[in-house]
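Participant: Questions regarding the structure given below will be posed in turn.
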Amino acid sequence: MPSTRSPRRALTAAVALLALTTTATACGADAAAGAQTKELRYQGSVGQVTLPELAADLGYLGDVKLNWIGNVTGGPADIQATATGQSDFGGAFNGAIVKLQAANAPITAVVSYYGSDAQTFQGYYVLDGSPIRGPRDLIGKRVGMNTLGAHAEAVLRTWLARGGLTAAEIATVELVALPPVNTEQSLRARQIDVAVLGGVIRDKAVANGGIRTVFTDYELLGAFSAGSYVFRDDFLTRNPDTVRTFVTAVGKAIEWARTQPRETVVARLKAIIAKRGRNEDTTLVEYWKSSGVAGTGGLITDREFATWIDWLADTGELKGERPKPSDLYTNRFNAAATPGGGA
């Protein structure tokens with residue numbers, strides 16, 4: 001089983017990676033001086049379809065092309081790759097974006113891409129016979145999640161703190177990083193006590209039976225957009241029209257999926273996976289329900305960053321003056337921000 005990794009160590013690793021930023025040359029996808037690139041390198045997810053991939057298939061990207069360079073299992077690694085020039089855009093939990101920017105990463109969030117609502121959320125699950133029901137029951141227990149220092153950990157620690165646990169008690173809860181596709185299996189094998197499951201992976205696990213919910217992020221925080229796509233600041237400066245096309249296309253894909261019958265969306269996602277020929281199973285997308293994005297066209301609000309700025313500051317992850325949410329993101333590339341622009 002993968003070893004745990006502390007948030008502090010993860011942040012240190014991020015800072016080390018960011019040191020490469022100052023010496024990295026313009027990426028291969030960048031256009032010649034004076035021209036804007038029309039190709040965006042990105043990382044995908046096995047057996048799932050990202051919003052940019054859906055937007056491309058729907059024709060919303062126009063002459064902007066996506067260049068898949070591999071798959072990633074966690075948001076922090078995805079945006080670190082963007083910050084260091086290995087990819088052109090990446091997506092992560094907003095709290096992870098706050099931490100990376102606090103480490104002087106030259107990145108800016110431009111559009112929301114996932115969130116939690118009544119249909120799509122991250123839940124904390126145990127086996128039916130587990131005695132775990134409240135925060136204090138997690139003292140000394142193991143919790144499996146897709147990556148550390150991101151959405152699942154932030155929500156869990158917020159829930160534990162609100163449940164009255166001290167910092168010392170919270171520290172006894174062992175966090176285990178697991179690939180999402182293996183988390184359900186690890187719970188059923190009793191290698192972990194709690195499994196954090198979200199989206200289609202959660203729905204598939206629930207359909208298999210034998211597990212129950214302890215709590216969900218939606219129950220804790222209500223509906224909210226949880227993660228954003230980011231670009232490097234220098235990329236935004238050189239390629240504003242390309243970014244505008246990308247952001248607006250992602251926003252249109254969000255609204256397309258929001259307004260279509262579920263069966264129509266699922267069929268489209270399965271067709272995309274089949275066409276790209278990566279030898280993937282389409283089972284996961286059969287459980288798709290929604291993107292969970294709260295804002296029209298993926299518009300970002302202060303609240304979606306302020307919640308995690310406060311949490312990171314309260315837990316000592318942020319030192320010094322707290323950043324302003326509005327300094328971390330922009331909606332200026334999103335047509336949905338313009339009256340009558342729509343998504």
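Convention: chains lettered A, B, ... in structure tokens order; per-chain residue numbering from 1; ligands numbered from 1 as shown.
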Excluding stretch 203-219 of chain A and its own-chain neighbours fewer than 5 positions away, which residues fall within 7 Å of it when counting only C-alpha atoms? Please give them as a list of chain:residue names.

Facilitator: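 Answer for this query is A:Ser116, A:Asp117, A:Ala118, A:Phe121, A:Gln122, A:Gly123, A:Tyr124, A:Tyr125, A:Val126, A:Leu127, A:Asp128, A:Arg133, A:Val155, A:Glu184, A:Tyr287.
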
Participant: With C-alpha atoms kept, could you save the residues just selected as a PDB file, in the first residue's frame?

Facilitator:
```pdb
ATOM      1  CA  SER A 116     -20.321  19.050  -5.146  1.00  0.00           C
ATOM      2  CA  ASP A 117     -24.087  19.111  -5.317  1.00  0.00           C
ATOM      3  CA  ALA A 118     -26.976  16.826  -4.403  1.00  0.00           C
ATOM      4  CA  PHE A 121     -20.247  14.747  -4.225  1.00  0.00           C
ATOM      5  CA  GLN A 122     -17.399  13.167  -2.274  1.00  0.00           C
ATOM      6  CA  GLY A 123     -18.508  10.824   0.455  1.00  0.00           C
ATOM      7  CA  TYR A 124     -16.669   9.197   3.345  1.00  0.00           C
ATOM      8  CA  TYR A 125     -17.683   5.543   3.405  1.00  0.00           C
ATOM      9  CA  VAL A 126     -17.279   2.599   5.767  1.00  0.00           C
ATOM     10  CA  LEU A 127     -18.337  -1.032   5.636  1.00  0.00           C
ATOM     11  CA  ASP A 128     -21.879  -1.695   6.842  1.00  0.00           C
ATOM     12  CA  ARG A 133     -20.358   7.022  12.830  1.00  0.00           C
ATOM     13  CA  VAL A 155     -12.956  18.380   3.953  1.00  0.00           C
ATOM     14  CA  GLU A 184     -13.187   0.658  -2.799  1.00  0.00           C
ATOM     15  CA  TYR A 287     -22.594   6.262 -13.439  1.00  0.00           C
TER      16      TYR A 287
END
```

Participant: Give me the residues near stretch 295-298 of chain A as a PyMOL selection string, where near means some atom within 9 Å (using only C-alpha atoms) and where sequence neighbours in that chain fewer than 6 positions away do not count.

Facilitator: chain A and resi 110-114+224-225+228+247-255+331+334-337+342-343

Participant: In Å, how far is it from atom CA of A:Thr242 to atom CA of A:Trp68?

Facilitator: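 Atom-to-atom, atom CA of A:Thr242 and atom CA of A:Trp68 are spaced 17.0 Å apart.
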
Participant: When you draw a straight line from atom CA of A:Thr158 to atom CA of A:Ile107, how long is it in Å?

Facilitator: 25.9 Å

Participant: Hey, can you check how far atom CA of A:Thr264 sits from atom CA of A:Val293?

Facilitator: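 Atom CA of A:Val293 lies at a distance of 18.7 Å from atom CA of A:Thr264.
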
Participant: As a VMD selection string, which residues of stretch 146-298 of chain A does DSSP assign to alpha helix (DSSP H)?

Facilitator: chain A and resid 151 to 162 167 to 171 180 to 188 199 to 208 217 to 221 233 to 238 240 to 259 262 to 276

Participant: Identify, on the basis of only C-alpha atoms, every residue whose closest approach to A:Asp88 does not exceed 7 Å; exclude the query and any residue fewer than 6 positions from it along the same chain; express the result as a ChimeraX atom specification.

Facilitator: /A:40-42,82,231

Participant: Hey, what's within 7 Å of A:Asn71 if we count only C-alpha atoms and toss same-chain stuff fewer than 3 positions away? As a compact mmCIF listing (two decimals) with C-alpha atoms, in the first residue's frame, please?

Facilitator:
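Contents of around_8.txt, freshly written:
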```
# COMPACT_ATOMS: atom_id res chain seq x y z
CA GLN A 43 -3.11 15.20 -18.56
CA GLY A 44 -6.25 13.09 -18.55
CA SER A 45 -7.84 10.46 -16.33
CA VAL A 46 -8.19 6.73 -17.01
```

Participant: Of the residues A:Val243, A:Gly129, A:Val49, A:Gly85, which is the one nearest to A:Lys65, using only C-alpha atoms?

Facilitator: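 Between A:Val243, A:Gly129, A:Val49, A:Gly85, the residue approaching A:Lys65 most closely is A:Val243.
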
Participant: Rank A:Trp159, A:Thr120, A:Tyr229, A:Ala189 by their smallest atom-to-atom distance to A:Gln80, using only C-alpha atoms, and report the top residue only.

Facilitator: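 Of A:Trp159, A:Thr120, A:Tyr229, A:Ala189, the one nearest A:Gln80, counting only C-alpha atoms, is A:Tyr229.
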
Participant: Using only C-alpha atoms, which residues sit within 9 Å of stretch 167-171 of chain A once same-chain residues fewer than 6 positions away are excluded, as an NGL selection string?

Facilitator: :A and (136 or 138-140 or 157 or 160-161 or 315)

Participant: Any chance you can output those residues with C-alpha atoms as a short mmCIF file (atom, residue, chain, number, x, y, z; two decimals), in the first residue's frame?

Facilitator:
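Result written to selection_14.cif:
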```cif
data_model
loop_
_atom_site.label_atom_id
_atom_site.label_comp_id
_atom_site.auth_asym_id
_atom_site.auth_seq_id
_atom_site.Cartn_x
_atom_site.Cartn_y
_atom_site.Cartn_z
CA ARG A 136 -14.42 10.88 17.42
CA LEU A 138 -11.98 8.20 13.50
CA ILE A 139 -9.28 8.70 16.13
CA GLY A 140 -6.48 6.28 15.27
CA ARG A 157 -10.03 17.81 8.66
CA LEU A 160 -13.10 16.55 12.40
CA ALA A 161 -12.41 20.05 13.72
CA THR A 315 -4.17 24.97 10.38
#
```

Participant: Counting only C-alpha atoms, which residue out of A:Thr166, A:Thr183, A:Gln101, A:Thr282 sits closest to A:Thr147?

Facilitator: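 So, comparing all the options, the nearest one is A:Thr183.
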
Participant: Which one of A:Leu100, A:Leu312, A:Leu51, A:Ala83 sits closest to A:Leu66 if you count only C-alpha atoms?

Facilitator: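 With only C-alpha atoms as the atom set, the closest residue is A:Leu51.
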
Participant: Looking at A:Thr84, A:Thr301, A:Asn94, A:Gln48, which one is nearest to A:Val266, with distances taken over only C-alpha atoms?

Facilitator: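 Closest candidate: A:Gln48.
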
Participant: Return the single residue from A:Ile69, A:Gly198, A:Ile272, A:Ala226 that is closest to A:Thr307, with distances computed using only C-alpha atoms.

Facilitator: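 Closest candidate: A:Ala226.
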
Participant: Please run DSSP on the backbone and report, as a PyMOL selection string, all residues within stretch 26-207 of chain A that come out as strand (DSSP E).

Facilitator: chain A and resi 39-44+65-71+89-93+107-116+122-127+142-145+174-177+194-198

Participant: Using only N, CA and C atoms, please write the residues we just selected to a file, as a CSV table (one decimal), in the first residue's frame.

Facilitator:
```
chain,number,residue,atom,x,y,z
A,39,GLU,N,-2.4,24.7,-29.7
A,39,GLU,CA,-2.3,23.3,-29.1
A,39,GLU,C,-2.1,23.4,-27.6
A,40,LEU,N,-2.9,22.7,-26.9
A,40,LEU,CA,-2.8,22.7,-25.4
A,40,LEU,C,-2.4,21.3,-24.9
A,41,ARG,N,-1.3,21.1,-24.2
A,41,ARG,CA,-0.9,19.9,-23.6
A,41,ARG,C,-1.6,19.7,-22.3
A,42,TYR,N,-2.0,18.5,-22.0
A,42,TYR,CA,-2.8,18.3,-20.8
A,42,TYR,C,-2.7,16.8,-20.3
A,43,GLN,N,-3.1,16.6,-19.1
A,43,GLN,CA,-3.1,15.2,-18.6
A,43,GLN,C,-4.6,14.8,-18.3
A,44,GLY,N,-4.9,13.6,-18.7
A,44,GLY,CA,-6.3,13.1,-18.6
A,44,GLY,C,-6.4,12.2,-17.4
A,65,LYS,N,-6.5,22.8,-30.4
A,65,LYS,CA,-6.4,21.3,-30.3
A,65,LYS,C,-5.9,20.9,-28.9
A,66,LEU,N,-6.3,19.8,-28.4
A,66,LEU,CA,-5.8,19.2,-27.2
A,66,LEU,C,-4.7,18.1,-27.5
A,67,ASN,N,-3.7,18.1,-26.7
A,67,ASN,CA,-2.6,17.2,-26.9
A,67,ASN,C,-2.4,16.4,-25.6
A,68,TRP,N,-3.0,15.2,-25.5
A,68,TRP,CA,-2.9,14.4,-24.3
A,68,TRP,C,-1.5,13.8,-24.1
A,69,ILE,N,-0.9,14.1,-23.0
A,69,ILE,CA,0.5,13.7,-22.7
A,69,ILE,C,0.5,12.6,-21.7
A,70,GLY,N,-0.6,12.1,-21.2
A,70,GLY,CA,-0.6,11.1,-20.2
A,70,GLY,C,-1.7,11.3,-19.2
A,71,ASN,N,-1.8,10.4,-18.2
A,71,ASN,CA,-2.8,10.5,-17.2
A,71,ASN,C,-2.2,10.9,-15.8
A,89,PHE,N,-2.2,23.3,-19.2
A,89,PHE,CA,-3.2,23.6,-18.1
A,89,PHE,C,-3.4,22.4,-17.3
A,90,GLY,N,-3.8,22.6,-16.1
A,90,GLY,CA,-4.1,21.5,-15.2
A,90,GLY,C,-5.2,21.9,-14.2
A,91,GLY,N,-5.8,20.9,-13.6
A,91,GLY,CA,-6.9,21.1,-12.7
A,91,GLY,C,-6.7,20.5,-11.3
A,92,ALA,N,-7.1,21.2,-10.3
A,92,ALA,CA,-7.0,20.7,-8.9
A,92,ALA,C,-8.0,21.4,-8.0
A,93,PHE,N,-8.1,20.8,-6.8
A,93,PHE,CA,-8.9,21.4,-5.7
A,93,PHE,C,-8.4,22.8,-5.5
A,107,ILE,N,0.7,30.9,-11.3
A,107,ILE,CA,-0.5,30.3,-12.0
A,107,ILE,C,-1.7,31.1,-11.6
A,108,THR,N,-2.7,31.0,-12.4
A,108,THR,CA,-4.0,31.7,-12.1
A,108,THR,C,-5.2,30.7,-12.5
A,109,ALA,N,-6.2,30.6,-11.6
A,109,ALA,CA,-7.3,29.8,-11.9
A,109,ALA,C,-8.2,30.5,-12.9
A,110,VAL,N,-8.8,29.8,-13.9
A,110,VAL,CA,-9.6,30.5,-14.9
A,110,VAL,C,-11.0,30.0,-15.1
A,111,VAL,N,-11.3,28.8,-14.6
A,111,VAL,CA,-12.7,28.2,-14.8
A,111,VAL,C,-12.8,27.0,-13.8
A,112,SER,N,-14.0,26.9,-13.2
A,112,SER,CA,-14.3,25.8,-12.3
A,112,SER,C,-14.5,24.6,-13.2
A,113,TYR,N,-14.2,23.4,-12.7
A,113,TYR,CA,-14.4,22.2,-13.5
A,113,TYR,C,-15.0,21.0,-12.7
A,114,TYR,N,-15.1,21.1,-11.4
A,114,TYR,CA,-15.8,20.1,-10.7
A,114,TYR,C,-16.3,20.7,-9.4
A,115,GLY,N,-17.2,20.0,-8.8
A,115,GLY,CA,-17.8,20.5,-7.5
A,115,GLY,C,-18.7,19.5,-6.9
A,116,SER,N,-19.4,19.9,-5.9
A,116,SER,CA,-20.3,19.0,-5.1
A,116,SER,C,-21.7,19.6,-5.1
A,122,GLN,N,-18.4,14.1,-2.9
A,122,GLN,CA,-17.4,13.2,-2.3
A,122,GLN,C,-17.9,12.7,-0.9
A,123,GLY,N,-18.0,11.4,-0.8
A,123,GLY,CA,-18.5,10.8,0.5
A,123,GLY,C,-17.4,10.0,1.2
A,124,TYR,N,-17.6,9.9,2.5
A,124,TYR,CA,-16.7,9.2,3.3
A,124,TYR,C,-17.4,7.9,3.8
A,125,TYR,N,-16.9,6.8,3.3
A,125,TYR,CA,-17.7,5.5,3.4
A,125,TYR,C,-17.0,4.5,4.3
A,126,VAL,N,-17.8,3.7,5.0
A,126,VAL,CA,-17.3,2.6,5.8
A,126,VAL,C,-18.1,1.4,5.4
A,127,LEU,N,-17.6,0.2,5.8
A,127,LEU,CA,-18.3,-1.0,5.6
A,127,LEU,C,-19.6,-1.0,6.5
A,142,ARG,N,-7.6,4.7,9.8
A,142,ARG,CA,-7.0,4.9,8.5
A,142,ARG,C,-8.0,5.3,7.5
A,143,VAL,N,-7.8,6.4,6.7
A,143,VAL,CA,-8.7,6.9,5.7
A,143,VAL,C,-8.0,7.0,4.4
A,144,GLY,N,-8.5,6.3,3.4
A,144,GLY,CA,-8.0,6.2,2.1
A,144,GLY,C,-8.6,7.3,1.1
A,145,MET,N,-7.7,8.0,0.4
A,145,MET,CA,-8.2,9.0,-0.5
A,145,MET,C,-7.3,9.1,-1.7
A,174,GLU,N,-4.8,8.5,10.3
A,174,GLU,CA,-3.8,8.3,9.3
A,174,GLU,C,-4.4,8.4,7.9
A,175,LEU,N,-3.8,9.2,7.1
A,175,LEU,CA,-4.3,9.4,5.7
A,175,LEU,C,-3.5,8.5,4.7
A,176,VAL,N,-4.1,7.8,3.9
A,176,VAL,CA,-3.4,6.9,2.9
A,176,VAL,C,-3.8,7.3,1.5
A,177,ALA,N,-2.8,7.6,0.7
A,177,ALA,CA,-3.0,7.9,-0.7
A,177,ALA,C,-3.2,6.7,-1.5
A,194,VAL,N,-11.9,3.9,6.4
A,194,VAL,CA,-12.8,4.8,5.7
A,194,VAL,C,-12.3,5.0,4.3
A,195,ALA,N,-13.2,5.0,3.3
A,195,ALA,CA,-12.8,5.3,1.9
A,195,ALA,C,-13.5,6.6,1.5
A,196,VAL,N,-12.7,7.5,0.9
A,196,VAL,CA,-13.2,8.7,0.3
A,196,VAL,C,-13.5,8.4,-1.2
A,197,LEU,N,-14.8,8.4,-1.5
A,197,LEU,CA,-15.2,8.1,-2.9
A,197,LEU,C,-16.1,9.2,-3.5
A,198,GLY,N,-15.8,9.5,-4.7
A,198,GLY,CA,-16.5,10.6,-5.4
A,198,GLY,C,-17.0,10.3,-6.8
```
